[in-house]
Amino acid sequence: MILVTVGAQMPFDRMTRAVDAWAGERGRRDVFAQIGETDFRPQHLEWTPFLEPEEFRARVEGADILVAHAGMGSILTALQAGKPILVMPRRGDLRETRNDHQVATAKRFLEMGRVEVAFDEDELKQKLDKLDALRAAGTISAWASPELLGAIRDFINAEGPVGPTSRRNEGVR
């Protein structure tokens, strides 16, 4: 089963339309999409505007692969569940988001080998045709690593200013 998610904040019709068209062209009936509040109604896949957190988690667990916007929640959920994920970032120039932070996120996670990325609808359809070759990039913990916690603790406990205009963090230990 393929789980498509646009996240909880807004629709992402460009991605949803591309997956819907692909599912129709390929005769795929194993696609479920969370599409947000939108007037677009997919014709070739099962869908809902929103999923409660428990149902979303259950659908992730039951999915073979996730197709998502390049939101951190979707990426981290896939990595925690050990599921392969294909992301298509929202673009600021298309007014799908405020800026291109999702493009930057997708590029960084691609460099790390953690996600597969489609930067446009054509590339998305090409990569959807190759889903069987997509593998999970391992799993990550839902909790911060001891190394990260130690680095944060050391930063907080450091003596002296932490920046040119900041005051000393007195009383923070």
# chains A, B, ... in the order shown; residues from 1 in each chain; ligands from 1
call {"tool": "select_by_dssp", "arguments": {"residues": "segment 10-156 of chain A", "states": "strand (DSSP E or B)", "output": "list in words"}}
result
Val31, Phe32, Ala33, Gln34, Glu46, Trp47, Thr48, Ile65, Leu66, Val67, Ala68, Ile85, Leu86, Val87, Glu116 and Val117 of chain A
call {"tool": "write_last_selection", "arguments": {"atoms": "C-alpha atoms", "output": "PDB file, in the first residue's frame"}}
result
ATOM      1  CA  VAL A  31      -3.005   4.225  -2.917  1.00  0.00           C
ATOM      2  CA  PHE A  32      -4.476   6.122   0.024  1.00  0.00           C
ATOM      3  CA  ALA A  33      -3.998   9.894   0.318  1.00  0.00           C
ATOM      4  CA  GLN A  34      -4.379  12.482   3.046  1.00  0.00           C
ATOM      5  CA  GLU A  46      -8.924   6.594  -1.838  1.00  0.00           C
ATOM      6  CA  TRP A  47      -8.528   9.807   0.150  1.00  0.00           C
ATOM      7  CA  THR A  48      -9.439  11.881   3.177  1.00  0.00           C
ATOM      8  CA  ILE A  65       6.019   3.291   1.060  1.00  0.00           C
ATOM      9  CA  LEU A  66       5.201   6.915   1.826  1.00  0.00           C
ATOM     10  CA  VAL A  67       4.891   9.661  -0.758  1.00  0.00           C
ATOM     11  CA  ALA A  68       4.897  13.064   0.912  1.00  0.00           C
ATOM     12  CA  ILE A  85       9.797   7.708   1.513  1.00  0.00           C
ATOM     13  CA  LEU A  86       9.585   9.614  -1.749  1.00  0.00           C
ATOM     14  CA  VAL A  87       9.219  13.343  -1.179  1.00  0.00           C
ATOM     15  CA  GLU A 116      14.217   9.786  -2.533  1.00  0.00           C
ATOM     16  CA  VAL A 117      13.212  13.120  -4.077  1.00  0.00           C
TER      17      VAL A 117
END
call {"tool": "residues_around", "arguments": {"residues": "Val103 of chain A", "least_positions_apart": "2", "cutoff": "12 Å", "atoms": "only C-alpha atoms", "output": "list in words"}}
result
His69, Ala70, Gly71, Met72, Val87, Met88, Pro89, Arg90, Arg91, Gly92, Asp93, Glu96, Thr97, Arg98, Asn99, Asp100, His101, Thr105, Ala106, Lys107, Arg108, Phe109, Leu110, Val117, Ala118, Phe119 and Asp120 of chain A
call {"tool": "residues_around", "arguments": {"residues": "Ala63 of chain A", "least_positions_apart": "2", "cutoff": "10 Å", "atoms": "only C-alpha atoms", "output": "list in words"}}
result
Met1, Ile2, Leu3, Val4, Asp30, Val31, Phe32, Arg57, Ala58, Arg59, Val60, Glu61, Ile65, Leu66, Ala78, Ala81, Lys83 and Pro84 of chain A
call {"tool": "write_last_selection", "arguments": {"atoms": "N, CA and C atoms", "output": "short mmCIF file (atom, residue, chain, number, x, y, z; two decimals), in the first residue's frame"}}
result
data_model
loop_
_atom_site.label_atom_id
_atom_site.label_comp_id
_atom_site.auth_asym_id
_atom_site.auth_seq_id
_atom_site.Cartn_x
_atom_site.Cartn_y
_atom_site.Cartn_z
N MET A 1 0.84 -1.18 0.00
CA MET A 1 0.00 0.00 0.00
C MET A 1 0.89 1.24 0.00
N ILE A 2 0.48 2.24 -0.77
CA ILE A 2 1.18 3.52 -0.85
C ILE A 2 0.36 4.54 -0.07
N LEU A 3 1.02 5.19 0.89
CA LEU A 3 0.38 6.25 1.66
C LEU A 3 0.93 7.59 1.17
N VAL A 4 0.02 8.46 0.75
CA VAL A 4 0.38 9.80 0.31
C VAL A 4 -0.07 10.77 1.39
N ASP A 30 -4.04 0.64 -4.84
CA ASP A 30 -3.45 0.48 -3.52
C ASP A 30 -2.86 1.78 -2.98
N VAL A 31 -3.50 2.91 -3.33
CA VAL A 31 -3.00 4.22 -2.92
C VAL A 31 -4.05 4.90 -2.04
N PHE A 32 -3.61 5.36 -0.87
CA PHE A 32 -4.48 6.12 0.02
C PHE A 32 -3.80 7.46 0.27
N ARG A 57 -0.64 7.07 12.18
CA ARG A 57 0.41 6.14 12.59
C ARG A 57 0.08 4.72 12.11
N ALA A 58 -1.17 4.29 12.23
CA ALA A 58 -1.57 2.96 11.78
C ALA A 58 -1.41 2.83 10.26
N ARG A 59 -1.74 3.87 9.52
CA ARG A 59 -1.59 3.82 8.06
C ARG A 59 -0.12 3.79 7.66
N VAL A 60 0.71 4.52 8.40
CA VAL A 60 2.16 4.47 8.14
C VAL A 60 2.66 3.05 8.37
N GLU A 61 2.28 2.46 9.47
CA GLU A 61 2.73 1.10 9.79
C GLU A 61 2.28 0.10 8.72
N ILE A 65 5.24 2.09 1.40
CA ILE A 65 6.02 3.29 1.06
C ILE A 65 5.19 4.53 1.34
N LEU A 66 5.86 5.62 1.66
CA LEU A 66 5.20 6.91 1.83
C LEU A 66 5.61 7.83 0.68
N ALA A 78 8.44 8.63 8.68
CA ALA A 78 8.87 7.53 7.82
C ALA A 78 10.17 6.91 8.33
N ALA A 81 9.62 4.84 11.44
CA ALA A 81 8.90 3.59 11.14
C ALA A 81 9.72 2.66 10.23
N LYS A 83 10.27 3.12 7.01
CA LYS A 83 9.57 3.03 5.72
C LYS A 83 10.30 3.86 4.67
N PRO A 84 10.37 3.37 3.45
CA PRO A 84 10.92 4.20 2.38
C PRO A 84 9.99 5.38 2.12
#
call {"tool": "residues_around", "arguments": {"residues": "Gln9 of chain A", "least_positions_apart": "5", "cutoff": "10 Å", "atoms": "only C-alpha atoms", "output": "list of chain:residue names"}}
result
A:Gly36, A:Glu37, A:Phe50
call {"tool": "atom_distance", "arguments": {"atom1": "atom CA of Leu45 of chain A", "atom2": "atom CA of Gln80 of chain A"}}
result
25.7 Å
call {"tool": "closest_atom_pairs", "arguments": {"of": "segment 56-134 of chain A", "to": "segment 18-23 of chain A", "cutoff": "10 Å", "atoms": "only C-alpha atoms", "output": "JSON lines"}}
result
{"residue": "A:Val67", "atom": "CA", "partner": "A:Val19", "partner_atom": "CA", "distance": 8.8}
{"residue": "A:Asp120", "atom": "CA", "partner": "A:Ala18", "partner_atom": "CA", "distance": 9.3}
{"residue": "A:Glu121", "atom": "CA", "partner": "A:Ala18", "partner_atom": "CA", "distance": 5.8}
{"residue": "A:Asp122", "atom": "CA", "partner": "A:Ala18", "partner_atom": "CA", "distance": 8.0}
{"residue": "A:Glu123", "atom": "CA", "partner": "A:Ala18", "partner_atom": "CA", "distance": 9.9}
{"residue": "A:Leu124", "atom": "CA", "partner": "A:Ala18", "partner_atom": "CA", "distance": 7.4}
{"residue": "A:Lys125", "atom": "CA", "partner": "A:Trp22", "partner_atom": "CA", "distance": 6.2}
{"residue": "A:Gln126", "atom": "CA", "partner": "A:Trp22", "partner_atom": "CA", "distance": 9.3}
{"residue": "A:Leu128", "atom": "CA", "partner": "A:Trp22", "partner_atom": "CA", "distance": 7.9}
{"residue": "A:Asp129", "atom": "CA", "partner": "A:Trp22", "partner_atom": "CA", "distance": 8.6}
call {"tool": "select_by_dssp", "arguments": {"residues": "segment 58-169 of chain A", "states": "helix (DSSP H, G or I)", "output": "JSON, numbers by chain"}}
result
{"A": [58, 59, 60, 61, 62, 72, 73, 74, 75, 76, 77, 78, 79, 80, 81, 92, 93, 94, 101, 102, 103, 104, 105, 106, 107, 108, 109, 110, 111, 121, 122, 123, 124, 125, 126, 127, 128, 131, 132, 133, 146, 147, 148, 149, 150, 151, 152, 153, 154, 155, 156, 157]}
call {"tool": "write_last_selection", "arguments": {"atoms": "N, CA and C atoms", "output": "short mmCIF file (atom, residue, chain, number, x, y, z; two decimals), in the first residue's frame"}}
result
data_model
loop_
_atom_site.label_atom_id
_atom_site.label_comp_id
_atom_site.auth_asym_id
_atom_site.auth_seq_id
_atom_site.Cartn_x
_atom_site.Cartn_y
_atom_site.Cartn_z
N ALA A 58 -1.17 4.29 12.23
CA ALA A 58 -1.57 2.96 11.78
C ALA A 58 -1.41 2.83 10.26
N ARG A 59 -1.74 3.87 9.52
CA ARG A 59 -1.59 3.82 8.06
C ARG A 59 -0.12 3.79 7.66
N VAL A 60 0.71 4.52 8.40
CA VAL A 60 2.16 4.47 8.14
C VAL A 60 2.66 3.05 8.37
N GLU A 61 2.28 2.46 9.47
CA GLU A 61 2.73 1.10 9.79
C GLU A 61 2.28 0.10 8.72
N GLY A 62 1.09 0.31 8.15
CA GLY A 62 0.57 -0.60 7.14
C GLY A 62 1.05 -0.32 5.72
N MET A 72 9.15 18.07 7.70
CA MET A 72 9.94 17.32 8.67
C MET A 72 9.13 16.25 9.38
N GLY A 73 7.86 16.53 9.69
CA GLY A 73 7.04 15.54 10.38
C GLY A 73 6.87 14.28 9.54
N SER A 74 6.61 14.43 8.26
CA SER A 74 6.43 13.28 7.38
C SER A 74 7.74 12.50 7.22
N ILE A 75 8.84 13.23 7.03
CA ILE A 75 10.13 12.57 6.86
C ILE A 75 10.53 11.82 8.12
N LEU A 76 10.43 12.47 9.27
CA LEU A 76 10.83 11.82 10.52
C LEU A 76 9.93 10.63 10.85
N THR A 77 8.64 10.74 10.56
CA THR A 77 7.73 9.62 10.79
C THR A 77 8.13 8.41 9.95
N ALA A 78 8.44 8.63 8.68
CA ALA A 78 8.87 7.53 7.82
C ALA A 78 10.17 6.91 8.33
N LEU A 79 11.12 7.75 8.73
CA LEU A 79 12.41 7.24 9.22
C LEU A 79 12.25 6.49 10.54
N GLN A 80 11.39 6.97 11.42
CA GLN A 80 11.15 6.27 12.68
C GLN A 80 10.50 4.92 12.44
N ALA A 81 9.62 4.84 11.44
CA ALA A 81 8.90 3.59 11.14
C ALA A 81 9.72 2.66 10.23
N GLY A 92 8.23 27.69 -3.07
CA GLY A 92 7.82 29.05 -2.76
C GLY A 92 7.39 29.83 -3.99
N ASP A 93 8.09 29.63 -5.12
CA ASP A 93 7.75 30.39 -6.33
C ASP A 93 6.38 30.01 -6.88
N LEU A 94 5.85 28.86 -6.49
CA LEU A 94 4.50 28.45 -6.91
C LEU A 94 3.46 28.76 -5.83
N HIS A 101 12.10 26.38 1.84
CA HIS A 101 12.68 25.56 2.90
C HIS A 101 12.48 24.07 2.64
N GLN A 102 11.38 23.68 2.00
CA GLN A 102 11.18 22.25 1.72
C GLN A 102 12.14 21.76 0.63
N VAL A 103 12.49 22.62 -0.31
CA VAL A 103 13.48 22.24 -1.32
C VAL A 103 14.82 21.99 -0.63
N ALA A 104 15.21 22.88 0.28
CA ALA A 104 16.47 22.72 1.01
C ALA A 104 16.43 21.45 1.87
N THR A 105 15.33 21.20 2.53
CA THR A 105 15.19 19.99 3.35
C THR A 105 15.32 18.74 2.48
N ALA A 106 14.63 18.72 1.36
CA ALA A 106 14.68 17.55 0.47
C ALA A 106 16.10 17.31 -0.03
N LYS A 107 16.79 18.37 -0.43
CA LYS A 107 18.16 18.22 -0.92
C LYS A 107 19.08 17.67 0.17
N ARG A 108 18.94 18.17 1.38
CA ARG A 108 19.82 17.71 2.47
C ARG A 108 19.56 16.25 2.80
N PHE A 109 18.29 15.86 2.92
CA PHE A 109 17.99 14.46 3.24
C PHE A 109 18.36 13.53 2.08
N LEU A 110 18.29 14.02 0.86
CA LEU A 110 18.74 13.25 -0.30
C LEU A 110 20.25 13.02 -0.22
N GLU A 111 21.01 14.07 0.09
CA GLU A 111 22.46 13.96 0.25
C GLU A 111 22.83 12.94 1.33
N GLU A 121 6.49 17.20 -11.12
CA GLU A 121 5.47 16.17 -11.35
C GLU A 121 5.96 15.07 -12.28
N ASP A 122 6.70 15.42 -13.32
CA ASP A 122 7.20 14.40 -14.24
C ASP A 122 8.17 13.46 -13.54
N GLU A 123 9.08 14.02 -12.77
CA GLU A 123 10.02 13.19 -12.02
C GLU A 123 9.29 12.34 -10.99
N LEU A 124 8.22 12.88 -10.40
CA LEU A 124 7.45 12.11 -9.44
C LEU A 124 6.85 10.87 -10.10
N LYS A 125 6.25 11.04 -11.25
CA LYS A 125 5.66 9.89 -11.95
C LYS A 125 6.73 8.87 -12.34
N GLN A 126 7.90 9.33 -12.78
CA GLN A 126 8.99 8.41 -13.12
C GLN A 126 9.44 7.62 -11.89
N LYS A 127 9.54 8.28 -10.77
CA LYS A 127 10.00 7.60 -9.56
C LYS A 127 8.91 6.71 -8.98
N LEU A 128 7.65 7.08 -9.17
CA LEU A 128 6.56 6.20 -8.75
C LEU A 128 6.60 4.89 -9.52
N LEU A 131 8.99 2.34 -7.71
CA LEU A 131 8.84 2.20 -6.26
C LEU A 131 9.40 0.89 -5.72
N ASP A 132 9.32 -0.16 -6.50
CA ASP A 132 9.80 -1.45 -6.02
C ASP A 132 11.29 -1.43 -5.68
N ALA A 133 12.03 -0.53 -6.30
CA ALA A 133 13.47 -0.44 -6.06
C ALA A 133 13.80 0.43 -4.85
N PRO A 146 22.07 10.69 23.00
CA PRO A 146 22.83 11.18 24.15
C PRO A 146 23.88 12.24 23.74
N GLU A 147 24.46 12.08 22.54
CA GLU A 147 25.45 13.05 22.07
C GLU A 147 24.81 14.43 21.87
N LEU A 148 23.63 14.46 21.26
CA LEU A 148 22.95 15.74 21.05
C LEU A 148 22.56 16.35 22.39
N LEU A 149 22.01 15.56 23.28
CA LEU A 149 21.63 16.08 24.59
C LEU A 149 22.85 16.63 25.33
N GLY A 150 23.97 15.94 25.24
CA GLY A 150 25.20 16.41 25.88
C GLY A 150 25.68 17.73 25.29
N ALA A 151 25.61 17.85 23.95
CA ALA A 151 26.04 19.08 23.30
C ALA A 151 25.15 20.25 23.72
N ILE A 152 23.86 20.02 23.81
CA ILE A 152 22.94 21.08 24.25
C ILE A 152 23.22 21.44 25.70
N ARG A 153 23.41 20.44 26.54
CA ARG A 153 23.71 20.68 27.96
C ARG A 153 25.00 21.50 28.09
N ASP A 154 26.04 21.13 27.32
CA ASP A 154 27.30 21.86 27.37
C ASP A 154 27.12 23.31 26.91
N PHE A 155 26.32 23.51 25.88
CA PHE A 155 26.07 24.85 25.37
C PHE A 155 25.36 25.70 26.43
N ILE A 156 24.36 25.13 27.05
CA ILE A 156 23.60 25.87 28.07
C ILE A 156 24.48 26.20 29.26
N ASN A 157 25.33 25.27 29.64
CA ASN A 157 26.16 25.45 30.84
C ASN A 157 27.45 26.22 30.57
#
call {"tool": "atom_distance", "arguments": {"atom1": "atom CA of Met15 of chain A", "atom2": "atom CA of Thr38 of chain A"}}
result
12.7 Å
